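Visitor: To be precise about what I am sending: the file is called entry-v5.cif and holds mmCIF, C-alpha atoms.
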data_upload
loop_
_atom_site.label_atom_id
_atom_site.label_comp_id
_atom_site.auth_asym_id
_atom_site.auth_seq_id
_atom_site.Cartn_x
_atom_site.Cartn_y
_atom_site.Cartn_z
CA MET A 1 26.76 31.29 -23.30
CA SER A 2 26.46 34.60 -21.45
CA LEU A 3 26.08 34.93 -17.68
CA SER A 4 22.40 35.93 -17.98
CA GLN A 5 21.70 32.92 -20.23
CA THR A 6 23.41 30.65 -17.68
CA LYS A 7 21.32 32.09 -14.83
CA THR A 8 18.16 31.70 -16.91
CA SER A 9 19.06 28.06 -17.62
CA TYR A 10 19.54 27.37 -13.91
CA VAL A 11 16.23 29.01 -13.06
CA ILE A 12 14.43 26.92 -15.70
CA LEU A 13 16.08 23.72 -14.40
CA ALA A 14 15.11 24.62 -10.84
CA PHE A 15 11.45 25.12 -11.84
CA MET A 16 11.48 21.85 -13.79
CA ALA A 17 12.82 20.01 -10.76
CA LEU A 18 10.28 21.68 -8.48
CA PHE A 19 7.36 20.76 -10.73
CA SER A 20 8.67 17.20 -11.10
CA ILE A 21 8.77 16.82 -7.32
CA ALA A 22 5.30 18.38 -7.02
CA GLY A 23 4.04 15.95 -9.66
CA LEU A 24 5.34 12.99 -7.65
CA VAL A 25 3.61 14.28 -4.54
CA ILE A 26 0.32 14.76 -6.39
CA VAL A 27 0.48 11.22 -7.80
CA ASN A 28 0.93 9.92 -4.26
CA TYR A 29 -2.39 11.47 -3.22
CA LEU A 30 -4.40 9.77 -5.95
CA GLY A 31 -5.48 7.09 -3.51
CA ALA A 32 -2.84 4.47 -4.26
CA VAL A 33 0.42 3.77 -2.51
CA GLU A 34 3.08 1.47 -3.90
CA ASN A 35 4.03 -1.38 -1.59
CA HIS A 36 6.57 -3.93 -2.86
CA ASN A 37 5.44 -3.74 -6.50
CA LYS A 38 1.73 -3.68 -5.70
CA LYS A 39 -0.57 -0.74 -5.38
CA ILE A 40 -2.82 -0.55 -2.35
CA TRP A 41 -5.93 1.44 -3.21
CA LEU A 42 -8.14 3.24 -0.73
CA GLY A 43 -9.54 5.60 -3.35
CA ILE A 44 -9.27 8.93 -1.55
CA GLU A 45 -7.26 12.12 -1.67
CA VAL A 46 -6.55 13.71 1.69
CA ILE A 47 -5.18 16.92 3.17
CA GLU A 48 -3.41 16.88 6.52
CA VAL A 49 -5.47 18.75 9.12
CA ASN A 50 -3.36 21.62 10.45
CA SER A 51 -4.39 24.91 12.08
CA ALA A 52 -5.02 26.60 8.70
CA ILE A 53 -7.23 23.72 7.52
CA GLN A 54 -9.03 23.68 10.88
CA GLN A 55 -9.81 27.37 10.59
CA ARG A 56 -10.80 27.25 6.91
CA TYR A 57 -13.16 24.27 7.24
CA GLY A 58 -14.35 24.80 10.82
CA ILE A 59 -12.78 21.59 12.11
CA HIS A 60 -12.64 21.71 15.91
CA LEU A 61 -10.26 18.80 16.60
CA SER A 62 -6.62 18.86 15.50
CA GLY A 63 -4.93 16.03 13.65
CA GLY A 64 -6.16 13.57 11.09
CA GLN A 65 -6.68 13.70 7.36
CA LEU A 66 -9.42 15.70 5.65
CA VAL A 67 -10.90 13.76 2.70
CA SER A 68 -10.79 16.11 -0.27
CA ARG A 69 -11.89 13.58 -2.91
CA VAL A 70 -13.42 10.11 -3.04
CA PHE A 71 -12.94 8.15 -6.26
CA LYS A 72 -16.04 6.63 -7.82
CA GLY A 73 -16.19 2.86 -7.31
CA SER A 74 -13.31 2.91 -4.82
CA PRO A 75 -13.11 0.89 -1.59
CA ALA A 76 -13.56 4.18 0.31
CA GLU A 77 -16.75 5.03 -1.59
CA MET A 78 -18.14 1.53 -1.02
CA ALA A 79 -17.43 1.94 2.72
CA GLY A 80 -19.37 5.22 2.80
CA ILE A 81 -16.52 7.73 3.12
CA LYS A 82 -17.45 11.15 1.76
CA THR A 83 -15.62 14.35 0.85
CA GLY A 84 -15.30 16.43 4.01
CA ASP A 85 -14.88 13.47 6.38
CA VAL A 86 -11.88 13.69 8.70
CA ILE A 87 -10.05 10.38 9.14
CA ARG A 88 -8.39 10.23 12.57
CA ARG A 89 -7.73 6.54 13.27
CA TRP A 90 -6.44 3.53 11.31
CA ASN A 91 -7.23 0.20 12.98
CA GLY A 92 -7.49 1.98 16.33
CA VAL A 93 -4.22 3.93 16.02
CA SER A 94 -4.38 7.74 15.98
CA ILE A 95 -3.22 9.35 12.75
CA THR A 96 -0.90 12.20 13.69
CA ASN A 97 0.39 13.27 10.25
CA GLN A 98 0.39 12.54 6.52
CA SER A 99 3.62 10.55 6.63
CA GLN A 100 2.30 8.22 9.33
CA PHE A 101 -0.95 7.73 7.38
CA GLU A 102 1.01 6.75 4.26
CA LYS A 103 3.14 4.29 6.27
CA MET A 104 -0.01 2.67 7.64
CA ILE A 105 -1.20 2.16 4.06
CA TRP A 106 2.23 0.85 2.96
CA LYS A 107 2.18 -1.78 5.70
CA SER A 108 -1.23 -3.05 4.58
CA GLN A 109 -2.09 -5.81 2.15
CA VAL A 110 -4.49 -6.05 -0.77
CA ASN A 111 -7.82 -7.51 0.46
CA GLU A 112 -7.03 -6.56 4.07
CA LEU A 113 -10.03 -5.27 6.01
CA VAL A 114 -9.15 -2.06 7.85
CA THR A 115 -11.18 0.09 10.20
CA LEU A 116 -10.99 3.84 9.81
CA GLY A 117 -12.37 6.10 12.50
CA GLY A 118 -13.21 9.72 11.96
CA ARG A 119 -15.82 12.42 12.00
CA ARG A 120 -18.39 13.78 9.57
CA GLN A 121 -19.65 17.23 10.52
CA GLY A 122 -18.60 16.54 14.10
CA VAL A 123 -20.35 13.14 14.33
CA LEU A 124 -18.17 10.11 15.09
CA LYS A 125 -17.99 7.63 12.18
CA VAL A 126 -16.42 4.19 11.74
CA PHE A 127 -15.70 2.76 8.29
CA LYS A 128 -14.74 -0.83 7.41
CA ILE A 129 -12.76 -0.86 4.17
CA ARG A 130 -11.44 -3.80 2.19
CA LEU A 131 -8.26 -2.56 0.50
CA ALA A 132 -7.93 -3.32 -3.20
CA ASN A 133 -5.46 -3.21 -6.04
CA ARG A 134 -5.45 0.08 -7.84
CA PRO A 135 -7.44 -0.28 -11.08
CA GLY A 136 -5.16 -1.29 -13.94
CA THR A 137 -2.64 -3.10 -11.70
CA PHE A 138 -2.39 -6.74 -10.68
#
Can I see the file as structure tokens?

Guide:
Amino acid sequence: MSLSQTKTSYVILAFMALFSIAGLVIVNYLGAVENHNKKIWLGIEVIEVNSAIQQRYGIHLSGGQLVSRVFKGSPAEMAGIKTGDVIRRWNGVSITNQSQFEKMIWKSQVNELVTLGGRRQGVLKVFKIRLANRPGTF
């Protein structure tokens, strides 16, 4: 194998690894988080609110999670969460970043009733959500 073929092979492997990691991250945002062999399902995809997101979407407060998708029939949809809502609190605790939000979900249980606080177009909202198993899991 020539030097250029070796370099090409390494580049291809690097891209494969990158896309594999990206794929894992995307799966994690599909509204379910694994917790000790169960899948807690909120039914939303979120984007961490940073300065770029604030500017792009006209969000005036920093922090929280911007809801980018609500799954049909999900606990989030049944609670009234909509695309564009910004989730800022989980059971009264401020959500400072994506990692913290995921940990809050991981610590939860199926059928647990949680309270999410946030804003919709600047108006304060409170949502009561009963967490569920992700469809297709038991």

Visitor: I'd like the residues picked by the PyMOL selection byres ((chain A and resi 115) around 12) written out as number ranges by chain, using the chain letters and numbers from the file.

Guide: A: 42, 75-76, 79, 81, 87-94, 104-105, 108, 112-114, 116-118, 125-131

Visitor: Print the selection's residues with C-alpha atoms to a file, as a short mmCIF file (atom, residue, chain, number, x, y, z; two decimals), keeping the file's coordinate frame.

Guide:
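again.cif written:
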data_model
loop_
_atom_site.label_atom_id
_atom_site.label_comp_id
_atom_site.auth_asym_id
_atom_site.auth_seq_id
_atom_site.Cartn_x
_atom_site.Cartn_y
_atom_site.Cartn_z
CA LEU A 42 -8.14 3.24 -0.73
CA PRO A 75 -13.11 0.89 -1.59
CA ALA A 76 -13.56 4.18 0.31
CA ALA A 79 -17.43 1.94 2.72
CA ILE A 81 -16.52 7.73 3.12
CA ILE A 87 -10.05 10.38 9.14
CA ARG A 88 -8.39 10.23 12.57
CA ARG A 89 -7.73 6.54 13.27
CA TRP A 90 -6.44 3.53 11.31
CA ASN A 91 -7.23 0.20 12.98
CA GLY A 92 -7.49 1.98 16.33
CA VAL A 93 -4.22 3.93 16.02
CA SER A 94 -4.38 7.74 15.98
CA MET A 104 -0.01 2.67 7.64
CA ILE A 105 -1.20 2.16 4.06
CA SER A 108 -1.23 -3.05 4.58
CA GLU A 112 -7.03 -6.56 4.07
CA LEU A 113 -10.03 -5.27 6.01
CA VAL A 114 -9.15 -2.06 7.85
CA LEU A 116 -10.99 3.84 9.81
CA GLY A 117 -12.37 6.10 12.50
CA GLY A 118 -13.21 9.72 11.96
CA LYS A 125 -17.99 7.63 12.18
CA VAL A 126 -16.42 4.19 11.74
CA PHE A 127 -15.70 2.76 8.29
CA LYS A 128 -14.74 -0.83 7.41
CA ILE A 129 -12.76 -0.86 4.17
CA ARG A 130 -11.44 -3.80 2.19
CA LEU A 131 -8.26 -2.56 0.50
#

Visitor: At a cut-off of 9 Å, using only C-alpha atoms, what residues contact region 62-67 of chain A? Leave out same-chain residues fewer than 6 positions from it and give the result as a ChimeraX atom specification.

Guide: /A:44-51,53-54,81-89,94-98,101,118

Visitor: To one decimal place, how far is CA of Gln109 (chain A) from CA of Glu77 (chain A) in Å?

Guide: 18.6 Å

Visitor: Which is closest to Gln121 (chain A) among A:Lys103, A:Lys39, A:His60, A:Lys72, if we use all atoms listed in the file?

Guide: A:His60

Visitor: Select, from A:Gly80, A:Phe71, A:Arg134, A:Arg119, the residue with the minimum atom-to-atom distance to Ile59 (chain A), counting all atoms listed in the file.

Guide: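 Once distances to Ile59 (chain A) are computed over all atoms listed in the file, the minimum belongs to A:Arg119.
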
Visitor: Would you compute the distance between CA of Asn111 (chain A) and CA of Asn133 (chain A)? Give it in Å to one decimal.

Guide: 8.1 Å

Visitor: For CA of Ala132 (chain A) and CA of Gly43 (chain A), determine how far apart the two atoms are, in Å to one decimal place.

Guide: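 One can read the CA of Ala132 (chain A) to CA of Gly43 (chain A) distance as 9.1 Å.
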
Visitor: Considering only C-alpha atoms, can you say which of A:Val110, A:Val70, A:Met78, A:Leu61 comes closest to Gly122 (chain A)?

Guide: A:Leu61

Visitor: Identify which of the residues A:Glu102, A:Trp41, A:Lys107, A:Leu124 lies closest to Ser74 (chain A), counting all atoms listed in the file when measuring atom-to-atom distances.

Guide: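 Using all atoms listed in the file, the shortest distance to Ser74 (chain A) belongs to A:Trp41.
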